[in-house]
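One file, upload_0.cif, carrying mmCIF, C-alpha atoms:
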```cif
data_work
#
loop_
_atom_site.label_atom_id
_atom_site.label_comp_id
_atom_site.auth_asym_id
_atom_site.auth_seq_id
_atom_site.Cartn_x
_atom_site.Cartn_y
_atom_site.Cartn_z
CA MET Q 1 11.31 19.53 -8.33
CA THR Q 2 9.23 17.83 -11.04
CA SER Q 3 8.28 14.17 -10.78
CA THR Q 4 10.68 13.36 -13.65
CA ASP Q 5 13.55 15.06 -11.83
CA GLU Q 6 12.67 13.16 -8.71
CA ALA Q 7 12.47 9.85 -10.59
CA ARG Q 8 15.96 10.51 -11.99
CA GLN Q 9 17.26 11.37 -8.56
CA ILE Q 10 15.73 8.18 -7.10
CA ALA Q 11 17.34 6.10 -9.86
CA ARG Q 12 20.72 7.70 -9.09
CA ALA Q 13 20.24 7.09 -5.37
CA GLN Q 14 19.41 3.45 -6.06
CA ARG Q 15 22.61 3.12 -8.09
CA GLY Q 16 24.56 4.22 -5.00
CA ASP Q 17 24.83 7.99 -5.51
CA SER Q 18 24.90 9.18 -1.90
CA VAL Q 19 24.55 12.87 -2.84
CA ALA Q 20 21.32 12.16 -4.74
CA LEU Q 21 19.98 10.20 -1.77
CA ALA Q 22 20.95 12.95 0.69
CA GLN Q 23 19.22 15.52 -1.53
CA LEU Q 24 16.06 13.41 -1.66
CA LEU Q 25 16.05 13.05 2.11
CA GLN Q 26 16.61 16.76 2.58
CA THR Q 27 13.67 17.59 0.30
CA HIS Q 28 11.34 15.29 2.19
CA TYR Q 29 12.64 15.81 5.73
CA LEU Q 30 10.26 18.58 6.82
CA PRO Q 31 7.11 17.14 5.18
CA VAL Q 32 7.76 13.85 7.00
CA LYS Q 33 8.34 15.65 10.29
CA LYS Q 34 5.20 17.76 9.76
CA TYR Q 35 3.23 14.58 9.14
CA LEU Q 36 4.62 12.96 12.28
CA VAL Q 37 3.85 16.01 14.43
CA SER Q 38 0.27 15.91 13.14
CA VAL Q 39 -0.20 12.28 14.19
CA THR Q 40 1.88 12.18 17.38
CA PHE Q 41 1.15 15.70 18.73
CA ASP Q 42 4.67 15.53 20.12
CA ARG Q 43 7.55 17.42 18.50
CA ASN Q 44 10.33 15.50 20.22
CA LEU Q 45 8.89 12.15 19.28
CA ALA Q 46 8.25 13.41 15.74
CA GLU Q 47 11.90 14.48 15.44
CA ASP Q 48 13.14 11.06 16.63
CA LEU Q 49 10.79 9.21 14.30
CA THR Q 50 11.74 11.44 11.35
CA GLN Q 51 15.41 10.56 11.84
CA GLU Q 52 14.50 6.87 12.12
CA THR Q 53 12.46 7.20 8.92
CA MET Q 54 15.46 8.66 7.09
CA ILE Q 55 17.70 5.82 8.30
CA ARG Q 56 15.14 3.21 7.21
CA ALA Q 57 14.84 4.94 3.81
CA ILE Q 58 18.62 4.78 3.33
CA GLN Q 59 18.61 1.07 4.21
CA ARG Q 60 15.70 0.27 1.89
CA ILE Q 61 16.15 2.66 -1.02
CA GLY Q 62 16.88 -0.32 -3.26
CA GLN Q 63 13.45 -1.75 -2.47
CA PHE Q 64 11.54 1.36 -3.59
CA GLY Q 65 9.74 0.14 -6.69
CA GLY Q 66 8.08 3.39 -7.78
CA ARG Q 67 4.56 2.00 -7.37
CA SER Q 68 3.72 4.98 -5.16
CA LYS Q 69 5.16 8.47 -4.88
CA PHE Q 70 8.43 8.71 -2.97
CA SER Q 71 6.74 10.94 -0.37
CA THR Q 72 4.00 8.32 0.15
CA TRP Q 73 6.67 5.63 0.55
CA LEU Q 74 8.35 7.71 3.27
CA ILE Q 75 5.01 8.31 5.00
CA SER Q 76 4.36 4.55 5.01
CA ILE Q 77 7.77 4.00 6.66
CA ALA Q 78 7.06 6.76 9.19
CA THR Q 79 3.63 5.29 9.98
CA ASN Q 80 5.13 1.83 10.48
CA LEU Q 81 7.74 3.24 12.84
CA TYR Q 82 5.05 5.11 14.79
CA MET Q 83 2.97 1.92 15.01
CA ASP Q 84 6.05 0.06 16.31
CA TRP Q 85 6.58 2.81 18.87
CA LEU Q 86 2.94 2.55 20.00
CA ARG Q 87 3.22 -1.24 20.33
CA LYS Q 88 6.39 -0.91 22.36
CA GLN Q 89 4.76 1.67 24.63
CA LYS Q 90 1.73 -0.56 25.08
CA ARG Q 91 3.95 -3.51 25.95
CA GLU Q 92 5.75 -1.43 28.50
CA ARG Q 93 2.43 0.02 29.71
CA ARG Q 94 3.76 3.52 29.40
CA ILE Q 95 1.22 4.83 26.94
CA GLU Q 96 -1.07 6.47 29.52
CA GLU Q 97 1.74 8.36 31.22
CA ASP Q 98 3.23 9.49 27.94
CA ALA Q 99 -0.15 10.57 26.61
CA ILE Q 100 -0.57 12.79 29.63
CA GLN Q 101 2.98 14.09 29.52
CA SER Q 102 2.80 15.07 25.89
CA LEU Q 103 -0.77 16.32 26.05
CA LEU Q 104 -0.83 18.51 23.00
CA LEU Q 105 1.49 21.42 22.59
CA GLU Q 106 1.54 24.66 24.49
CA PRO Q 107 -1.96 26.28 24.50
CA ALA Q 108 -0.48 29.32 22.76
CA GLU Q 109 0.60 27.13 19.86
CA LEU Q 110 -2.96 25.95 19.36
CA GLY Q 111 -4.30 29.40 18.70
CA PRO Q 112 -7.12 31.38 20.25
CA ASP Q 113 -10.01 29.48 18.62
CA THR Q 114 -11.55 27.46 21.46
CA GLU Q 115 -13.65 25.36 19.07
CA VAL Q 116 -10.52 24.15 17.28
CA ARG Q 117 -8.62 23.69 20.53
CA ASP Q 118 -11.43 21.60 22.04
CA LEU Q 119 -11.56 19.44 18.93
CA LEU Q 120 -7.79 18.85 19.12
CA GLU Q 121 -8.04 17.90 22.77
CA ARG Q 122 -10.85 15.46 22.02
CA LEU Q 123 -8.81 14.07 19.14
CA HIS Q 124 -5.83 13.61 21.42
CA GLU Q 125 -7.98 11.81 23.98
CA LEU Q 126 -9.00 9.21 21.37
CA PRO Q 127 -7.09 5.90 21.44
CA ARG Q 128 -4.09 6.31 19.13
CA ASP Q 129 -5.16 3.45 16.87
CA VAL Q 130 -8.42 5.32 16.26
CA ALA Q 131 -6.94 8.81 15.94
CA LEU Q 132 -4.23 7.70 13.50
CA PRO Q 133 -6.48 6.38 10.69
CA LEU Q 134 -8.84 9.32 11.20
CA ILE Q 135 -6.02 11.84 10.72
CA LEU Q 136 -4.56 9.89 7.80
CA LYS Q 137 -7.91 9.85 6.02
CA HIS Q 138 -9.52 13.15 6.94
CA TYR Q 139 -6.46 15.38 7.16
CA HIS Q 140 -3.87 13.80 4.85
CA GLY Q 141 -6.35 12.30 2.39
CA TYR Q 142 -4.87 8.80 2.11
CA THR Q 143 -7.08 5.96 0.93
CA TYR Q 144 -8.55 3.29 3.20
CA GLU Q 145 -6.41 0.70 1.38
CA GLU Q 146 -3.17 2.62 1.99
CA ILE Q 147 -4.00 3.12 5.67
CA ALA Q 148 -4.91 -0.56 6.05
CA GLU Q 149 -1.61 -1.61 4.50
CA TRP Q 150 0.48 0.70 6.67
CA MET Q 151 -1.33 -0.23 9.88
CA ALA Q 152 -1.44 -3.93 8.92
CA ILE Q 153 -5.18 -4.18 9.59
CA PRO Q 154 -8.15 -5.00 7.31
CA VAL Q 155 -9.81 -2.20 5.32
CA GLY Q 156 -13.07 -2.83 7.21
CA THR Q 157 -11.31 -2.19 10.52
CA VAL Q 158 -9.90 1.08 9.19
CA LYS Q 159 -13.39 2.19 8.16
CA SER Q 160 -14.96 1.26 11.49
CA ARG Q 161 -12.19 2.97 13.48
CA ILE Q 162 -12.62 6.16 11.46
CA PHE Q 163 -16.39 5.97 11.88
CA ASN Q 164 -16.02 5.50 15.65
CA GLY Q 165 -13.50 8.32 15.82
CA ILE Q 166 -15.77 10.75 14.01
CA ARG Q 167 -18.68 9.71 16.19
CA ALA Q 168 -16.62 10.28 19.35
CA LEU Q 169 -15.51 13.71 18.13
CA ARG Q 170 -19.08 14.68 17.31
CA LYS Q 171 -20.36 13.43 20.64
CA GLY Q 172 -17.78 15.52 22.41
CA GLU Q 173 -18.77 18.50 20.33
CA GLU Q 174 -22.45 18.05 21.17
CA SER Q 175 -21.77 17.75 24.88
CA HIS Q 176 -19.51 20.79 24.66
CA GLU Q 177 -22.28 22.79 22.93
CA GLN Q 178 -24.82 21.65 25.54
CA GLY Q 179 -22.39 22.66 28.26
CA ASP Q 180 -22.24 26.18 26.79
CA MET S 1 -20.31 13.93 2.90
CA SER S 2 -22.73 15.50 5.39
CA LYS S 3 -22.49 19.16 6.38
CA GLU S 4 -21.53 18.15 9.92
CA THR S 5 -18.65 16.00 8.70
CA GLU S 6 -17.50 18.80 6.39
CA ARG S 7 -17.47 21.20 9.31
CA LEU S 8 -15.59 18.71 11.46
CA ASP S 9 -13.07 18.22 8.65
CA GLU S 10 -12.58 21.96 8.38
CA LEU S 11 -11.97 22.31 12.14
CA LEU S 12 -9.64 19.31 12.00
CA ARG S 13 -7.73 20.87 9.12
CA GLN S 14 -7.40 24.21 10.92
CA GLY S 15 -6.31 22.54 14.16
CA LEU S 16 -3.81 20.13 12.65
CA ASP S 17 -2.39 22.87 10.40
CA ARG S 18 -1.64 24.75 13.59
CA VAL S 19 -0.29 21.72 15.44
CA SER S 20 2.03 20.68 12.63
CA ASP S 21 3.22 24.19 11.80
CA LEU S 22 7.00 23.98 11.96
CA GLY S 23 7.48 27.71 11.53
CA ASP S 24 10.76 28.56 9.85
CA GLU S 25 12.46 25.30 10.80
CA GLN S 26 15.05 24.21 8.27
CA PRO S 27 15.89 20.64 7.24
CA PRO S 28 19.33 19.28 8.19
CA ASN S 29 22.06 20.49 5.85
CA LEU S 30 23.16 18.36 2.92
CA GLY S 31 26.58 17.59 4.39
CA ASP S 32 25.05 16.11 7.56
CA LEU S 33 22.66 14.00 5.52
CA GLN S 34 25.50 12.78 3.30
CA MET S 35 27.39 11.73 6.42
CA LEU S 36 24.28 9.92 7.67
CA VAL S 37 23.91 8.13 4.32
CA ALA S 38 27.59 7.12 4.36
CA SER S 39 27.50 5.81 7.93
CA VAL S 40 24.24 3.84 7.47
CA GLN S 41 25.54 2.31 4.23
CA ALA S 42 28.88 1.41 5.84
CA GLU S 43 27.01 -0.24 8.73
CA GLN S 44 24.86 -2.15 6.23
CA ARG S 45 27.92 -3.36 4.31
CA GLN S 46 29.58 -4.47 7.52
CA LYS S 47 26.45 -6.40 8.54
CA LEU S 48 26.27 -8.01 5.09
CA TYR S 49 29.92 -9.13 5.28
CA GLY S 50 29.30 -10.49 8.79
CA ASP S 51 26.23 -12.43 7.62
CA LEU S 52 28.09 -13.81 4.60
CA LEU S 53 30.95 -14.89 6.82
CA LYS S 54 28.53 -16.68 9.15
CA PHE S 55 26.80 -18.34 6.19
CA TRP S 56 30.05 -19.62 4.66
CA GLY S 57 31.27 -20.73 8.09
CA VAL S 58 28.15 -22.79 8.78
CA ALA S 59 28.23 -24.19 5.23
CA ALA S 60 31.89 -25.23 5.63
CA VAL S 61 31.18 -26.94 8.98
CA LEU S 62 28.19 -28.82 7.52
CA LEU S 63 30.15 -29.90 4.46
CA ALA S 64 33.03 -31.10 6.61
CA ALA S 65 30.62 -33.07 8.83
CA ILE S 66 29.01 -34.72 5.78
CA LEU S 67 32.37 -35.67 4.28
CA LEU S 68 33.58 -37.03 7.60
CA ALA S 69 30.41 -39.11 8.07
CA PHE S 70 30.71 -40.48 4.53
CA GLN S 71 34.37 -41.35 5.03
CA ARG S 72 33.78 -43.17 8.31
CA SER S 73 30.73 -45.23 7.32
CA PRO S 74 29.53 -44.86 3.71
CA ILE S 75 26.65 -47.35 4.07
CA ALA S 76 25.20 -45.80 7.22
CA PHE S 77 25.55 -42.39 5.58
CA LEU S 78 23.68 -43.49 2.44
CA VAL S 79 20.92 -45.16 4.50
CA PHE S 80 20.55 -41.95 6.52
CA GLN S 81 20.39 -39.82 3.35
CA GLY S 82 17.77 -42.15 1.84
CA ALA S 83 15.68 -42.02 5.04
CA VAL S 84 15.79 -38.21 5.10
CA GLY S 85 14.71 -38.08 1.43
CA LEU S 86 11.88 -40.53 2.04
CA LEU S 87 10.62 -38.68 5.13
CA SER S 88 10.68 -35.40 3.19
CA LEU S 89 8.59 -36.96 0.41
CA ILE S 90 6.07 -38.34 2.93
CA GLY S 91 5.91 -34.96 4.68
CA ALA S 92 5.32 -33.12 1.39
CA GLY S 93 2.63 -35.64 0.41
CA LEU S 94 0.80 -35.25 3.74
CA TRP S 95 0.96 -31.47 3.47
CA TYR S 96 -0.45 -31.59 -0.07
CA VAL S 97 -3.32 -33.91 0.93
CA GLY S 98 -4.08 -31.73 3.95
CA ARG S 99 -4.20 -28.58 1.83
CA LYS S 100 -6.45 -30.26 -0.73
CA GLN S 101 -8.89 -31.32 1.99
CA VAL S 102 -8.99 -27.79 3.45
CA ALA S 103 -9.65 -26.38 -0.05
CA GLU S 104 -12.53 -28.82 -0.58
#
```
File written out as C-alpha cells:
Amino acid sequence: MTSTDEARQIARAQRGDSVALAQLLQTHYLPVKKYLVSVTFDRNLAEDLTQETMIRAIQRIGQFGGRSKFSTWLISIATNLYMDWLRKQKRERRIEEDAIQSLLLEPAELGPDTEVRDLLERLHELPRDVALPLILKHYHGYTYEEIAEWMAIPVGTVKSRIFNGIRALRKGEESHEQGD
Amino acid sequence: MSKETERLDELLRQGLDRVSDLGDEQPPNLGDLQMLVASVQAEQRQKLYGDLLKFWGVAAVLLAAILLAFQRSPIAFLVFQGAVGLLSLIGAGLWYVGRKQVAE
C-alpha cells in the first residue's frame, strides 16, 4: 500500500468508515505485535498489548493528525500501553517474578548462536526502562525525541539510559569473553 | 559509531530479529476486526451519551438552584454573586502578580 493510499484510507476511517479502519488495523497488526515481542520478550503479553493498541487506535482515530506515519502513531500507543503495564507491575511489585517467569523465549527459538543468545539474556536482565529506549533506538531506529515523548521523560534521560544500557551490555560481553 | 557499537548493534539486530520472528502467523481476519471496530465505537457512543446526560443533569440542577435562590431572596443572591465575582478578580490578580514575580 502506498502512502497516498494509506492517507486516503485514514481519511475514510476518520469519517467513520469502519471497513477502512479495520483494513488499516489488519495491515498494521503484525508489525505492532512484532514490535511488542521485541520489547517485551513475551509473546502472550505482546498479544494482549497489541489488542489493547488496536482498541486505543479505534477510540482515538479522530485524533490522528498525520504529523507522523500511521505505523509510528501505533507504535507510540503500544509503547505507552507497555509503559503503563510496567508501572502497574512495579506498583504491584510483581515485576521481578514476571521477569523470571517470562525469561526470554524457548532456547530453541533463540537459535544456536551463543554470542547472540548471551547478548539477549543480558539485554533481558537490564531494567526495562533501560532496555526499552535501547531497543527503540538501536533496533527500531527511532529518534531520541520520539522515544522521550513516548516514555514521557527528557531527551537527556533517554540518552543516558541508552548509554548505560550499551555500557552494561559491553561489560557483560567482556566478562563473558574473559570467562571463555 | 565505534566498531564495538556497530558489532553490538549487529548482534542485537540478529537476536531481536529471531525473538520477534512471528513465523507464518496471520493477522486477525477483516470480519473480526470490523466487529471489534463496531463494538468499540458503540461503547464510545454509549459513554458519550452517558456523559452528556450527566452534564445536562448537573446543569439543570444548578440552574434550578440558582433560580430558586433568586426567587427566595433576590438581594442576598445578588450580594453573593457580587462577592463571588470580586473574589475571582482578586484571585486572578494575585495569580498574575505571582507569575510576574516568578518570571522576574
### Message
Translate the PyMOL selection byres ((chain Q) within 9 of (chain S)) into a concrete residue list for this structure, as a VMD selection string.
### Response
chain Q and resid 18 to 19 21 to 23 25 to 30 33 to 39 41 43 54 to 55 58 to 59 104 to 105 109 to 111 115 to 117 119 to 120 123 135 138 to 139 166 169 to 170
Print the selection's residues with C-alpha atoms to a file, as a PDB file, in the frame of the given file.
```pdb
ATOM      1  CA  SER Q  18      24.900   9.180  -1.900  1.00  0.00           C
ATOM      2  CA  VAL Q  19      24.550  12.870  -2.840  1.00  0.00           C
ATOM      3  CA  LEU Q  21      19.980  10.200  -1.770  1.00  0.00           C
ATOM      4  CA  ALA Q  22      20.950  12.950   0.690  1.00  0.00           C
ATOM      5  CA  GLN Q  23      19.220  15.520  -1.530  1.00  0.00           C
ATOM      6  CA  LEU Q  25      16.050  13.050   2.110  1.00  0.00           C
ATOM      7  CA  GLN Q  26      16.610  16.760   2.580  1.00  0.00           C
ATOM      8  CA  THR Q  27      13.670  17.590   0.300  1.00  0.00           C
ATOM      9  CA  HIS Q  28      11.340  15.290   2.190  1.00  0.00           C
ATOM     10  CA  TYR Q  29      12.640  15.810   5.730  1.00  0.00           C
ATOM     11  CA  LEU Q  30      10.260  18.580   6.820  1.00  0.00           C
ATOM     12  CA  LYS Q  33       8.340  15.650  10.290  1.00  0.00           C
ATOM     13  CA  LYS Q  34       5.200  17.760   9.760  1.00  0.00           C
ATOM     14  CA  TYR Q  35       3.230  14.580   9.140  1.00  0.00           C
ATOM     15  CA  LEU Q  36       4.620  12.960  12.280  1.00  0.00           C
ATOM     16  CA  VAL Q  37       3.850  16.010  14.430  1.00  0.00           C
ATOM     17  CA  SER Q  38       0.270  15.910  13.140  1.00  0.00           C
ATOM     18  CA  VAL Q  39      -0.200  12.280  14.190  1.00  0.00           C
ATOM     19  CA  PHE Q  41       1.150  15.700  18.730  1.00  0.00           C
ATOM     20  CA  ARG Q  43       7.550  17.420  18.500  1.00  0.00           C
ATOM     21  CA  MET Q  54      15.460   8.660   7.090  1.00  0.00           C
ATOM     22  CA  ILE Q  55      17.700   5.820   8.300  1.00  0.00           C
ATOM     23  CA  ILE Q  58      18.620   4.780   3.330  1.00  0.00           C
ATOM     24  CA  GLN Q  59      18.610   1.070   4.210  1.00  0.00           C
ATOM     25  CA  LEU Q 104      -0.830  18.510  23.000  1.00  0.00           C
ATOM     26  CA  LEU Q 105       1.490  21.420  22.590  1.00  0.00           C
ATOM     27  CA  GLU Q 109       0.600  27.130  19.860  1.00  0.00           C
ATOM     28  CA  LEU Q 110      -2.960  25.950  19.360  1.00  0.00           C
ATOM     29  CA  GLY Q 111      -4.300  29.400  18.700  1.00  0.00           C
ATOM     30  CA  GLU Q 115     -13.650  25.360  19.070  1.00  0.00           C
ATOM     31  CA  VAL Q 116     -10.520  24.150  17.280  1.00  0.00           C
ATOM     32  CA  ARG Q 117      -8.620  23.690  20.530  1.00  0.00           C
ATOM     33  CA  LEU Q 119     -11.560  19.440  18.930  1.00  0.00           C
ATOM     34  CA  LEU Q 120      -7.790  18.850  19.120  1.00  0.00           C
ATOM     35  CA  LEU Q 123      -8.810  14.070  19.140  1.00  0.00           C
ATOM     36  CA  ILE Q 135      -6.020  11.840  10.720  1.00  0.00           C
ATOM     37  CA  HIS Q 138      -9.520  13.150   6.940  1.00  0.00           C
ATOM     38  CA  TYR Q 139      -6.460  15.380   7.160  1.00  0.00           C
ATOM     39  CA  ILE Q 166     -15.770  10.750  14.010  1.00  0.00           C
ATOM     40  CA  LEU Q 169     -15.510  13.710  18.130  1.00  0.00           C
ATOM     41  CA  ARG Q 170     -19.080  14.680  17.310  1.00  0.00           C
TER      42      ARG Q 170
END
```
Taking every listed atom of range 10-15 of chain S and adding 4 Å to each side, what centre and edge lengths in Å (one decimal) does the axis-aligned box have, as JSON?
```
{"center_x": -9.4, "center_y": 21.8, "center_z": 11.3, "size_x": 14.3, "size_y": 12.9, "size_z": 13.8}
```
### Query
How many Å separate CA of Arg45 in chain S from CA of Ala59 in chain S?
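So the answer is 20.9 Å.
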### Query
What is the distance between CA of Leu63 in chain S and CA of Ser88 in chain S, in Å to one decimal?
20.3 Å
### Message
Selection in question (the file shown): the PyMOL selection byres ((chain Q and resi 160) around 12). Which residues does it include, as a list of chain:residue names?
### Response
Q:Asp129, Q:Val130, Q:Ala131, Q:Pro133, Q:Leu134, Q:Tyr144, Q:Ala148, Q:Ile153, Q:Pro154, Q:Val155, Q:Gly156, Q:Thr157, Q:Val158, Q:Lys159, Q:Arg161, Q:Ile162, Q:Phe163, Q:Asn164, Q:Gly165, Q:Ile166, Q:Arg167
### Message
Suppose a student applies the PyMOL selection byres ((chain Q and resi 150) around 12) to this structure; what residues should they get, written as a PyMOL selection string?
### Response
chain Q and resi 72-84+129+132-133+136+142-149+151-155+158
### Message
If I take CA of His124 in chain Q and CA of Gln89 in chain Q, how far is one from the other in Å, to one decimal?
### Response
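CA of Gln89 in chain Q lies at a distance of 16.3 Å from CA of His124 in chain Q.
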### Task
Go through Q:Leu45, Q:Ala168, Q:Ile10, Q:Leu86 one by one, measure the shortest atom-to-atom distance of each to Leu126 in chain Q using all atoms listed in the file, and give the residue with the smallest value.
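That would be Q:Ala168, the residue with the smallest distance to Leu126 in chain Q.
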### Query
With all atoms listed in the file as the atoms that count, which of Q:Asp113, Q:Gly62, Q:Ser68, Q:Arg91 lies nearest to Arg12 in chain Q?
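That would be Q:Gly62, the residue with the smallest distance to Arg12 in chain Q.
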